[in-house]
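Report on the structure given below.
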Amino acid sequence: MRFEDAPDPKITSPKDVIVKLEAAALNHIDIWIRMGATGMQIPMPHILGADGAGVVVEAGSDVKSVGTGDKVCLYSFTGCEVCEFCLSDRDFMCIRVKSLGERLDGTYAEYVKVTPKNCFPMPSYMTFDEAAAFPLVFVTVWRMLITNARLQPGETLLIIGIGGGVASAALQAGSRIGARVIVTSGSDEKLERATALGAAHGINHKEKDYAKEVKKLTDGRGVDVVVDSVGGEVWQKSLSALAHGGRLVTCGATAGGEPNDDLDAIISKELKIYGSTLGSREDFCQLLSFLNATKIHPIIDRKFPLKEAAAGQQRMEEARQFGKILLQTSR
Ligand SMILES: [Zn+2]
């Protein structure tokens, strides 16, 4: 990854919008794209980055929903506009989906070209940094916890591996909804930060078997919902930590994509397992209402100058962050 000059994006269609970015945020997908792990052929040079916030500086003649001077946060997906997924605002499921930083030039830049469908009004209580930090992780969390797992107030939520952007957003949203949140980490420092952010209990999974600890904390009952983006050997423990009728939601498998299942637990406890990824435009709208009502501030780990984006990615690869890593895109 190199920092270099690129031409400013120009309006080439009456539906184009140019946004001057004030901040961008890093996501794991950026690293996978850079490593070629998505299997997608991407012409070089390519600009990464799915998350960003800034000000509209130019809009094509057909653009009605946003105008010059509007402060916007970005929803990074646009589809073909004609398939059943696109027609129901689920562009992210479109087989021809284009997302910022993947098939399109992204937000590690001073300017980005988008469509009006990518632009949403920035929550007025947020800074540009916060508005760049929340979209991808929070829409992922919203779809996992609310649309798919249907987390209710008063339920118990277990989050495996607190620290990354999705896990910390799940903690913030889950506790704000009124769930009792238990988190695990191999770092006592991260557990302390999670407790300060609203976690009811933290379990160091390097020192203790979290499935057993969860049973103790819930009088033997287990939790209602588990967020497990680890997979691998952890998967069976997550199943065993669930109460009868519990739901496990997974949005990744950092420790391995072929975990040992426990069909006996799934059958006898009537467990439900949801795969979840990203979120629809409707999820994003619901999320914006939720954020505007709750005034949640997304957690920001550190901000790097744009030219030091590689150092930011390295910090993420080493899992040293708590919350989102940002890039300062404006001069
Ligand atoms: Zn489509």
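Residue numbering restarts at 1 for every chain of the structure tokens, chains are lettered A, B, ... in their displayed order, and ligands are numbered from 1 as they appear.
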
What's the 10 Å shell around Leu151 (chain A), counting only C-alpha atoms, without same-chain residues fewer than 6 positions away, as a count of residues only? 11

Give me the residues within 12 Å of Ala6 (chain A) as a JSON list (two decimals) with all heavy atoms, in the first residue's frame, counting only C-alpha atoms and dropping any in the same chain fewer than 6 places off.
```json
[["chain", "number", "residue", "atom", "x", "y", "z"],
["A", 44, "MET", "N", -5.36, -2.12, -10.69],
["A", 44, "MET", "CA", -4.48, -1.23, -9.91],
["A", 44, "MET", "C", -4.15, 0.01, -10.74],
["A", 44, "MET", "O", -4.10, -0.10, -11.95],
["A", 44, "MET", "CB", -3.20, -1.96, -9.52],
["A", 44, "MET", "CG", -3.42, -3.16, -8.63],
["A", 44, "MET", "SD", -3.96, -2.63, -6.99],
["A", 44, "MET", "CE", -4.82, -4.09, -6.44],
["A", 45, "PRO", "N", -3.89, 1.17, -10.15],
["A", 45, "PRO", "CA", -3.95, 1.40, -8.70],
["A", 45, "PRO", "C", -5.40, 1.46, -8.21],
["A", 45, "PRO", "O", -6.30, 1.83, -8.96],
["A", 45, "PRO", "CB", -3.26, 2.76, -8.53],
["A", 45, "PRO", "CG", -3.47, 3.45, -9.85],
["A", 45, "PRO", "CD", -3.50, 2.38, -10.89],
["A", 46, "HIS", "N", -5.58, 1.10, -6.94],
["A", 46, "HIS", "CA", -6.92, 1.03, -6.36],
["A", 46, "HIS", "C", -6.91, 1.76, -5.03],
["A", 46, "HIS", "O", -5.91, 1.71, -4.31],
["A", 46, "HIS", "CB", -7.30, -0.44, -6.16],
["A", 46, "HIS", "CG", -8.61, -0.62, -5.46],
["A", 46, "HIS", "ND1", -9.82, -0.33, -6.04],
["A", 46, "HIS", "CD2", -8.90, -1.06, -4.21],
["A", 46, "HIS", "CE1", -10.80, -0.58, -5.18],
["A", 46, "HIS", "NE2", -10.26, -1.02, -4.07],
["A", 47, "ILE", "N", -8.03, 2.44, -4.72],
["A", 47, "ILE", "CA", -8.14, 3.15, -3.44],
["A", 47, "ILE", "C", -9.05, 2.35, -2.53],
["A", 47, "ILE", "O", -10.21, 2.09, -2.87],
["A", 47, "ILE", "CB", -8.68, 4.58, -3.65],
["A", 47, "ILE", "CG1", -7.76, 5.36, -4.60],
["A", 47, "ILE", "CG2", -8.82, 5.29, -2.31],
["A", 47, "ILE", "CD1", -8.29, 6.73, -4.99],
["A", 105, "ASP", "N", -13.48, 2.89, -6.22],
["A", 105, "ASP", "CA", -12.47, 3.58, -5.42],
["A", 105, "ASP", "C", -13.10, 4.04, -4.11],
["A", 105, "ASP", "O", -14.24, 4.52, -4.09],
["A", 105, "ASP", "CB", -11.91, 4.78, -6.20],
["A", 105, "ASP", "CG", -10.80, 4.36, -7.17],
["A", 105, "ASP", "OD1", -10.23, 3.27, -6.97],
["A", 105, "ASP", "OD2", -10.53, 5.12, -8.11],
["A", 108, "TYR", "N", -10.04, 6.07, 1.37],
["A", 108, "TYR", "CA", -8.68, 6.45, 1.80],
["A", 108, "TYR", "C", -8.24, 7.56, 0.84],
["A", 108, "TYR", "O", -7.28, 7.39, 0.07],
["A", 108, "TYR", "CB", -7.70, 5.30, 1.65],
["A", 108, "TYR", "CG", -7.80, 4.13, 2.60],
["A", 108, "TYR", "CD1", -8.94, 3.84, 3.34],
["A", 108, "TYR", "CD2", -6.69, 3.26, 2.77],
["A", 108, "TYR", "CE1", -9.00, 2.73, 4.18],
["A", 108, "TYR", "CE2", -6.74, 2.17, 3.61],
["A", 108, "TYR", "CZ", -7.90, 1.90, 4.31],
["A", 108, "TYR", "OH", -7.94, 0.80, 5.13],
["A", 109, "ALA", "N", -8.93, 8.68, 0.86],
["A", 109, "ALA", "CA", -8.69, 9.72, -0.15],
["A", 109, "ALA", "C", -9.28, 11.05, 0.34],
["A", 109, "ALA", "O", -10.04, 11.07, 1.30],
["A", 109, "ALA", "CB", -9.36, 9.32, -1.47],
["A", 110, "GLU", "N", -8.94, 12.12, -0.36],
["A", 110, "GLU", "CA", -9.51, 13.42, 0.00],
["A", 110, "GLU", "C", -10.93, 13.58, -0.58],
["A", 110, "GLU", "O", -11.77, 14.25, 0.00],
["A", 110, "GLU", "CB", -8.62, 14.55, -0.52],
["A", 110, "GLU", "CG", -7.31, 14.66, 0.24],
["A", 110, "GLU", "CD", -6.38, 15.68, -0.40],
["A", 110, "GLU", "OE1", -5.82, 15.39, -1.48],
["A", 110, "GLU", "OE2", -6.23, 16.75, 0.19],
["A", 111, "TYR", "N", -11.17, 12.96, -1.74],
["A", 111, "TYR", "CA", -12.49, 13.04, -2.39],
["A", 111, "TYR", "C", -12.92, 11.64, -2.80],
["A", 111, "TYR", "O", -12.09, 10.81, -3.16],
["A", 111, "TYR", "CB", -12.43, 13.93, -3.63],
["A", 111, "TYR", "CG", -12.11, 15.37, -3.35],
["A", 111, "TYR", "CD1", -10.79, 15.82, -3.33],
["A", 111, "TYR", "CD2", -13.13, 16.29, -3.09],
["A", 111, "TYR", "CE1", -10.49, 17.14, -3.05],
["A", 111, "TYR", "CE2", -12.84, 17.62, -2.82],
["A", 111, "TYR", "CZ", -11.51, 18.04, -2.79],
["A", 111, "TYR", "OH", -11.23, 19.35, -2.52],
["A", 112, "VAL", "N", -14.23, 11.41, -2.80],
["A", 112, "VAL", "CA", -14.76, 10.14, -3.28],
["A", 112, "VAL", "C", -16.01, 10.41, -4.12],
["A", 112, "VAL", "O", -16.77, 11.34, -3.83],
["A", 112, "VAL", "CB", -15.06, 9.18, -2.09],
["A", 112, "VAL", "CG1", -16.21, 9.69, -1.22],
["A", 112, "VAL", "CG2", -15.38, 7.76, -2.58]]
```

Pick out the residues no farther than 9 Å from ligand 1, counting only C-alpha atoms and all ligand atoms, and list them as a list in words.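 I would give the residues around ligand 1 as Thr78, Gly79, Cys80, Glu81, Val82, Cys83, Glu84, Phe85, Cys86, Leu87, Arg90, Asp91, Phe92, Met93, Cys94, Ile95, Arg96 and Val97 of chain A.
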
Write a file of the just-selected residues containing N, CA and C atoms, as a JSON list (two decimals), in the first residue's frame.
```json
[["chain", "number", "residue", "atom", "x", "y", "z"],
["A", 78, "THR", "N", -23.96, -0.16, -3.53],
["A", 78, "THR", "CA", -24.97, 0.09, -4.57],
["A", 78, "THR", "C", -25.04, -1.15, -5.45],
["A", 79, "GLY", "N", -26.26, -1.55, -5.78],
["A", 79, "GLY", "CA", -26.46, -2.75, -6.58],
["A", 79, "GLY", "C", -26.88, -2.41, -7.99],
["A", 80, "CYS", "N", -27.48, -3.42, -8.66],
["A", 80, "CYS", "CA", -27.83, -3.28, -10.08],
["A", 80, "CYS", "C", -29.12, -2.49, -10.27],
["A", 81, "GLU", "N", -29.88, -2.29, -9.18],
["A", 81, "GLU", "CA", -31.14, -1.52, -9.16],
["A", 81, "GLU", "C", -32.32, -2.26, -9.80],
["A", 82, "VAL", "N", -32.13, -3.48, -10.33],
["A", 82, "VAL", "CA", -33.27, -4.17, -10.96],
["A", 82, "VAL", "C", -33.57, -5.55, -10.36],
["A", 83, "CYS", "N", -32.65, -6.14, -9.59],
["A", 83, "CYS", "CA", -32.92, -7.49, -9.06],
["A", 83, "CYS", "C", -33.83, -7.39, -7.84],
["A", 84, "GLU", "N", -34.33, -8.55, -7.35],
["A", 84, "GLU", "CA", -35.28, -8.50, -6.24],
["A", 84, "GLU", "C", -34.65, -7.95, -4.96],
["A", 85, "PHE", "N", -33.33, -8.13, -4.82],
["A", 85, "PHE", "CA", -32.67, -7.61, -3.61],
["A", 85, "PHE", "C", -32.58, -6.09, -3.67],
["A", 86, "CYS", "N", -32.18, -5.56, -4.85],
["A", 86, "CYS", "CA", -32.06, -4.11, -4.99],
["A", 86, "CYS", "C", -33.42, -3.42, -4.87],
["A", 87, "LEU", "N", -34.45, -4.06, -5.43],
["A", 87, "LEU", "CA", -35.78, -3.44, -5.39],
["A", 87, "LEU", "C", -36.36, -3.43, -3.98],
["A", 90, "ARG", "N", -32.12, -4.12, -0.41],
["A", 90, "ARG", "CA", -31.09, -5.01, 0.12],
["A", 90, "ARG", "C", -29.95, -5.15, -0.90],
["A", 91, "ASP", "N", -29.50, -3.99, -1.40],
["A", 91, "ASP", "CA", -28.44, -3.97, -2.43],
["A", 91, "ASP", "C", -27.23, -4.80, -2.02],
["A", 92, "PHE", "N", -26.97, -4.87, -0.71],
["A", 92, "PHE", "CA", -25.75, -5.56, -0.27],
["A", 92, "PHE", "C", -25.81, -7.06, -0.60],
["A", 93, "MET", "N", -27.02, -7.58, -0.92],
["A", 93, "MET", "CA", -27.15, -8.99, -1.29],
["A", 93, "MET", "C", -27.12, -9.19, -2.81],
["A", 94, "CYS", "N", -27.12, -8.10, -3.57],
["A", 94, "CYS", "CA", -27.13, -8.15, -5.04],
["A", 94, "CYS", "C", -25.87, -8.85, -5.54],
["A", 95, "ILE", "N", -26.00, -9.76, -6.52],
["A", 95, "ILE", "CA", -24.79, -10.44, -7.00],
["A", 95, "ILE", "C", -23.90, -9.49, -7.79],
["A", 96, "ARG", "N", -24.45, -8.34, -8.19],
["A", 96, "ARG", "CA", -23.63, -7.35, -8.89],
["A", 96, "ARG", "C", -23.30, -6.14, -8.00],
["A", 97, "VAL", "N", -23.35, -6.35, -6.68],
["A", 97, "VAL", "CA", -23.14, -5.23, -5.75],
["A", 97, "VAL", "C", -21.75, -4.62, -5.96]]
```

CA of Val114 (chain A) to CA of Phe134 (chain A), distance in Å rounded to a single decimal: 18.1 Å

Of the listed residues A:Gln314, A:Glu58, A:Val141, A:Glu102, that which approaches Ala37 (chain A) most closely, counting only C-alpha atoms: A:Glu102

Got a sec: who's within 9 Å of Gly186 (chain A), counting only C-alpha atoms, leaving out chain neighbours fewer than 6 positions off, as a VMD selection string? chain A and resid 161 to 162 203 to 207

So that I have them on file, write out the residues from the current selection with N, CA and C atoms, as a compact mmCIF listing (two decimals), in the first residue's frame.
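Ended up saving to again_27.txt:
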```
# COMPACT_ATOMS: atom_id res chain seq x y z
N GLY A 161 -14.78 -12.06 22.50
CA GLY A 161 -13.64 -11.30 21.98
C GLY A 161 -13.93 -9.82 21.82
N ILE A 162 -14.00 -9.11 22.93
CA ILE A 162 -14.28 -7.66 22.86
C ILE A 162 -13.00 -6.95 22.42
N ILE A 203 -15.07 -11.76 31.15
CA ILE A 203 -14.42 -13.04 31.44
C ILE A 203 -13.13 -13.11 30.63
N ASN A 204 -12.00 -13.36 31.33
CA ASN A 204 -10.74 -13.54 30.61
C ASN A 204 -10.69 -14.98 30.08
N HIS A 205 -10.86 -15.13 28.76
CA HIS A 205 -10.98 -16.48 28.21
C HIS A 205 -9.64 -17.21 28.09
N LYS A 206 -8.55 -16.50 28.42
CA LYS A 206 -7.27 -17.20 28.50
C LYS A 206 -7.12 -17.90 29.85
N GLU A 207 -7.79 -17.36 30.86
CA GLU A 207 -7.66 -17.90 32.21
C GLU A 207 -8.80 -18.83 32.58
```

DSSP-assigned strand (DSSP E or B) members of region 74-290 of chain A, reported as an MDAnalysis selection string: chainID A and resid 74 77:78 98:100 104 111:114 119:121 156:159 162 164 180:185 201:204 223:227 242:250 272:275

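Backbone DSSP over region 18-86 of chain A gives helix (DSSP H, G or I) for His28, Ile29, Asp30, Ile31, Trp32, Ile33, Arg34, Met35, Glu84, Phe85 and Cys86 of chain A.
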
Okay, now the selection with N, CA and C atoms, as a short mmCIF file (atom, residue, chain, number, x, y, z; two decimals), in the first residue's frame?
```cif
data_model
loop_
_atom_site.label_atom_id
_atom_site.label_comp_id
_atom_site.auth_asym_id
_atom_site.auth_seq_id
_atom_site.Cartn_x
_atom_site.Cartn_y
_atom_site.Cartn_z
N HIS A 28 -11.63 -4.57 8.54
CA HIS A 28 -10.87 -5.77 8.20
C HIS A 28 -10.95 -6.10 6.72
N ILE A 29 -12.10 -5.79 6.11
CA ILE A 29 -12.27 -6.09 4.69
C ILE A 29 -11.17 -5.41 3.86
N ASP A 30 -10.69 -4.24 4.31
CA ASP A 30 -9.63 -3.53 3.57
C ASP A 30 -8.38 -4.41 3.48
N ILE A 31 -8.09 -5.08 4.59
CA ILE A 31 -6.89 -5.93 4.65
C ILE A 31 -7.08 -7.14 3.75
N TRP A 32 -8.26 -7.74 3.80
CA TRP A 32 -8.52 -8.91 2.95
C TRP A 32 -8.45 -8.54 1.46
N ILE A 33 -8.96 -7.37 1.11
CA ILE A 33 -8.89 -6.94 -0.29
C ILE A 33 -7.43 -6.74 -0.69
N ARG A 34 -6.68 -6.09 0.19
CA ARG A 34 -5.27 -5.84 -0.11
C ARG A 34 -4.50 -7.14 -0.29
N MET A 35 -4.83 -8.16 0.51
CA MET A 35 -4.13 -9.44 0.43
C MET A 35 -4.65 -10.32 -0.70
N GLU A 84 -34.33 -8.55 -7.35
CA GLU A 84 -35.28 -8.50 -6.24
C GLU A 84 -34.65 -7.95 -4.96
N PHE A 85 -33.33 -8.13 -4.82
CA PHE A 85 -32.67 -7.61 -3.61
C PHE A 85 -32.58 -6.09 -3.67
N CYS A 86 -32.18 -5.56 -4.85
CA CYS A 86 -32.06 -4.11 -4.99
C CYS A 86 -33.42 -3.42 -4.87
#
```

A straight line from CA of Thr12 (chain A) to CA of Lys113 (chain A) spans 9.7 Å

Calculated over only C-alpha atoms, which of the candidates A:Pro121, A:Gly69, A:Gly279, A:Gly49 has the smallest distance to Gly106 (chain A)?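 Looking at the shortest contact to Gly106 (chain A), the residue is A:Gly49.
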
Looking at A:Ala309, A:Val137, A:Pro14, A:Glu233, which one is nearest to Gly164 (chain A), with distances taken over only C-alpha atoms?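 So, comparing all the options, the nearest one is A:Val137.
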
Applying 7 Å and only C-alpha atoms, which residues near region 268-274 of chain A remain after dropping the ones on its own chain fewer than 6 positions away? List them as a PyMOL selection string. chain A and resi 148+244-250

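The shortest atom-to-atom distance to Val183 (chain A), with only C-alpha atoms taken into account, belongs to A:Val227 out of A:Thr218, A:Thr127, A:Val227, A:Gln321.
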
What does the distance between CA of Met1 (chain A) and CA of Gly36 (chain A) come to in Å, to one decimal place?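 CA of Met1 (chain A) sits 12.7 Å away from CA of Gly36 (chain A).
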
For a quick check of understanding, using only C-alpha atoms, which of A:Leu326, A:Cys119, A:Ile42, A:Ala319 has the smallest distance to Ser185 (chain A)?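 Of A:Leu326, A:Cys119, A:Ile42, A:Ala319, the one nearest Ser185 (chain A), counting only C-alpha atoms, is A:Ala319.
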
Extract, using only C-alpha atoms, all DNA, RNA and protein residues at most 9 Å from region 235-239 of chain A, discarding same-chain residues fewer than 4 positions from it, and format them as a short mmCIF file (atom, residue, chain, number, x, y, z; two decimals) with all heavy atoms, in the first residue's frame.
```
data_model
loop_
_atom_site.label_atom_id
_atom_site.label_comp_id
_atom_site.auth_asym_id
_atom_site.auth_seq_id
_atom_site.Cartn_x
_atom_site.Cartn_y
_atom_site.Cartn_z
N LEU A 158 -24.01 -12.45 25.09
CA LEU A 158 -22.59 -12.77 25.28
C LEU A 158 -21.83 -12.40 24.01
O LEU A 158 -22.20 -12.83 22.91
CB LEU A 158 -22.44 -14.28 25.56
CG LEU A 158 -21.00 -14.82 25.60
CD1 LEU A 158 -20.22 -14.23 26.78
CD2 LEU A 158 -21.02 -16.36 25.70
N ILE A 160 -18.17 -12.62 22.22
CA ILE A 160 -16.87 -13.29 22.28
C ILE A 160 -15.81 -12.36 21.69
O ILE A 160 -15.91 -11.95 20.54
CB ILE A 160 -16.88 -14.61 21.46
CG1 ILE A 160 -18.09 -15.48 21.83
CG2 ILE A 160 -15.57 -15.36 21.64
CD1 ILE A 160 -18.13 -15.92 23.25
N ASP A 209 -12.65 -20.97 31.42
CA ASP A 209 -13.55 -21.52 30.41
C ASP A 209 -14.82 -20.67 30.42
O ASP A 209 -15.58 -20.69 31.39
CB ASP A 209 -13.87 -22.98 30.77
CG ASP A 209 -14.84 -23.62 29.78
OD1 ASP A 209 -15.65 -22.88 29.18
OD2 ASP A 209 -14.78 -24.85 29.63
N TYR A 210 -15.00 -19.88 29.36
CA TYR A 210 -16.09 -18.90 29.44
C TYR A 210 -17.48 -19.54 29.44
O TYR A 210 -18.42 -19.00 30.01
CB TYR A 210 -15.97 -17.81 28.36
CG TYR A 210 -16.26 -18.23 26.93
CD1 TYR A 210 -17.57 -18.35 26.49
CD2 TYR A 210 -15.23 -18.46 26.04
CE1 TYR A 210 -17.83 -18.73 25.18
CE2 TYR A 210 -15.49 -18.83 24.74
CZ TYR A 210 -16.79 -18.97 24.31
OH TYR A 210 -17.06 -19.34 23.03
N ALA A 211 -17.58 -20.75 28.86
CA ALA A 211 -18.91 -21.41 28.88
C ALA A 211 -19.30 -21.73 30.32
O ALA A 211 -20.45 -21.52 30.73
CB ALA A 211 -18.87 -22.67 28.03
N LYS A 212 -18.32 -22.22 31.10
CA LYS A 212 -18.60 -22.53 32.51
C LYS A 212 -18.89 -21.26 33.31
O LYS A 212 -19.79 -21.21 34.15
CB LYS A 212 -17.41 -23.27 33.15
CG LYS A 212 -17.32 -24.72 32.69
CD LYS A 212 -16.21 -25.44 33.43
CE LYS A 212 -16.04 -26.83 32.84
NZ LYS A 212 -14.67 -27.34 32.98
N VAL A 226 -25.59 -15.18 21.57
CA VAL A 226 -24.13 -15.10 21.52
C VAL A 226 -23.72 -14.46 20.20
O VAL A 226 -24.24 -14.84 19.14
CB VAL A 226 -23.46 -16.50 21.60
CG1 VAL A 226 -21.94 -16.38 21.45
CG2 VAL A 226 -23.80 -17.19 22.90
N VAL A 227 -22.82 -13.48 20.26
CA VAL A 227 -22.18 -12.97 19.05
C VAL A 227 -20.80 -13.61 18.98
O VAL A 227 -19.95 -13.35 19.83
CB VAL A 227 -22.06 -11.43 19.09
CG1 VAL A 227 -21.20 -10.95 17.91
CG2 VAL A 227 -23.43 -10.79 19.04
N ASP A 228 -20.60 -14.48 18.00
CA ASP A 228 -19.34 -15.21 17.85
C ASP A 228 -18.78 -14.94 16.45
O ASP A 228 -19.32 -15.42 15.46
CB ASP A 228 -19.59 -16.72 18.06
CG ASP A 228 -18.30 -17.54 17.93
OD1 ASP A 228 -17.30 -17.03 17.41
OD2 ASP A 228 -18.32 -18.71 18.34
N VAL A 230 -15.57 -15.60 15.91
CA VAL A 230 -14.29 -16.29 16.04
C VAL A 230 -14.33 -17.67 15.38
O VAL A 230 -13.44 -18.04 14.63
CB VAL A 230 -13.90 -16.41 17.54
CG1 VAL A 230 -12.57 -17.13 17.68
CG2 VAL A 230 -13.84 -15.04 18.19
N GLY A 231 -15.39 -18.43 15.65
CA GLY A 231 -15.52 -19.77 15.06
C GLY A 231 -14.48 -20.72 15.62
O GLY A 231 -14.10 -20.63 16.79
N ALA A 243 -28.70 -20.63 26.37
CA ALA A 243 -29.88 -21.15 27.06
C ALA A 243 -30.76 -21.89 26.05
O ALA A 243 -30.55 -21.79 24.84
CB ALA A 243 -30.67 -20.01 27.68
N GLY A 246 -31.87 -20.46 22.60
CA GLY A 246 -30.91 -19.38 22.39
C GLY A 246 -30.55 -19.22 20.92
O GLY A 246 -30.78 -20.09 20.09
N ARG A 247 -29.98 -18.04 20.60
CA ARG A 247 -29.60 -17.73 19.22
C ARG A 247 -28.11 -17.40 19.16
O ARG A 247 -27.64 -16.59 19.96
CB ARG A 247 -30.39 -16.51 18.69
CG ARG A 247 -31.88 -16.74 18.52
CD ARG A 247 -32.65 -16.32 19.76
NE ARG A 247 -32.86 -14.88 19.89
CZ ARG A 247 -33.22 -14.27 21.01
NH1 ARG A 247 -33.41 -14.96 22.12
NH2 ARG A 247 -33.39 -12.96 21.02
N LEU A 248 -27.44 -18.03 18.22
CA LEU A 248 -26.04 -17.71 17.98
C LEU A 248 -25.96 -16.96 16.65
O LEU A 248 -26.52 -17.40 15.66
CB LEU A 248 -25.19 -18.98 17.93
CG LEU A 248 -23.67 -18.76 17.85
CD1 LEU A 248 -22.94 -19.92 18.52
CD2 LEU A 248 -23.17 -18.58 16.44
N PRO A 259 -15.81 -25.18 12.11
CA PRO A 259 -15.80 -25.55 13.53
C PRO A 259 -16.46 -26.91 13.76
O PRO A 259 -17.24 -27.37 12.94
CB PRO A 259 -16.63 -24.45 14.18
CG PRO A 259 -17.57 -24.03 13.11
CD PRO A 259 -16.82 -24.18 11.81
N ASN A 260 -16.11 -27.54 14.89
CA ASN A 260 -16.83 -28.74 15.31
C ASN A 260 -18.20 -28.33 15.81
O ASN A 260 -18.32 -27.54 16.74
CB ASN A 260 -16.08 -29.42 16.47
CG ASN A 260 -14.92 -30.23 15.94
OD1 ASN A 260 -14.95 -30.70 14.80
ND2 ASN A 260 -13.90 -30.38 16.77
N ASP A 261 -19.22 -28.84 15.18
CA ASP A 261 -20.57 -28.52 15.61
C ASP A 261 -20.99 -29.44 16.74
O ASP A 261 -20.39 -30.48 16.95
CB ASP A 261 -21.54 -28.68 14.43
CG ASP A 261 -22.11 -27.34 14.02
OD1 ASP A 261 -22.28 -26.48 14.91
OD2 ASP A 261 -22.40 -27.14 12.83
N ASP A 262 -22.00 -29.03 17.45
CA ASP A 262 -22.57 -29.90 18.46
C ASP A 262 -24.06 -30.02 18.15
O ASP A 262 -24.89 -29.28 18.67
CB ASP A 262 -22.34 -29.28 19.86
CG ASP A 262 -22.84 -30.19 20.96
OD1 ASP A 262 -23.51 -31.21 20.64
OD2 ASP A 262 -22.58 -29.89 22.13
N ALA A 265 -26.54 -30.39 21.00
CA ALA A 265 -26.93 -29.14 21.69
C ALA A 265 -27.92 -28.35 20.84
O ALA A 265 -28.90 -27.81 21.34
CB ALA A 265 -25.70 -28.30 22.00
N ILE A 266 -27.65 -28.30 19.51
CA ILE A 266 -28.52 -27.51 18.62
C ILE A 266 -29.94 -28.09 18.64
O ILE A 266 -30.93 -27.36 18.72
CB ILE A 266 -27.95 -27.51 17.18
CG1 ILE A 266 -26.63 -26.75 17.14
CG2 ILE A 266 -28.94 -26.88 16.20
CD1 ILE A 266 -25.89 -26.85 15.82
N LEU A 271 -31.63 -24.57 19.42
CA LEU A 271 -30.85 -23.36 19.15
C LEU A 271 -31.09 -22.89 17.72
O LEU A 271 -31.42 -23.68 16.83
CB LEU A 271 -29.37 -23.64 19.35
CG LEU A 271 -28.97 -24.18 20.73
CD1 LEU A 271 -27.47 -24.39 20.79
CD2 LEU A 271 -29.43 -23.23 21.84
#
```
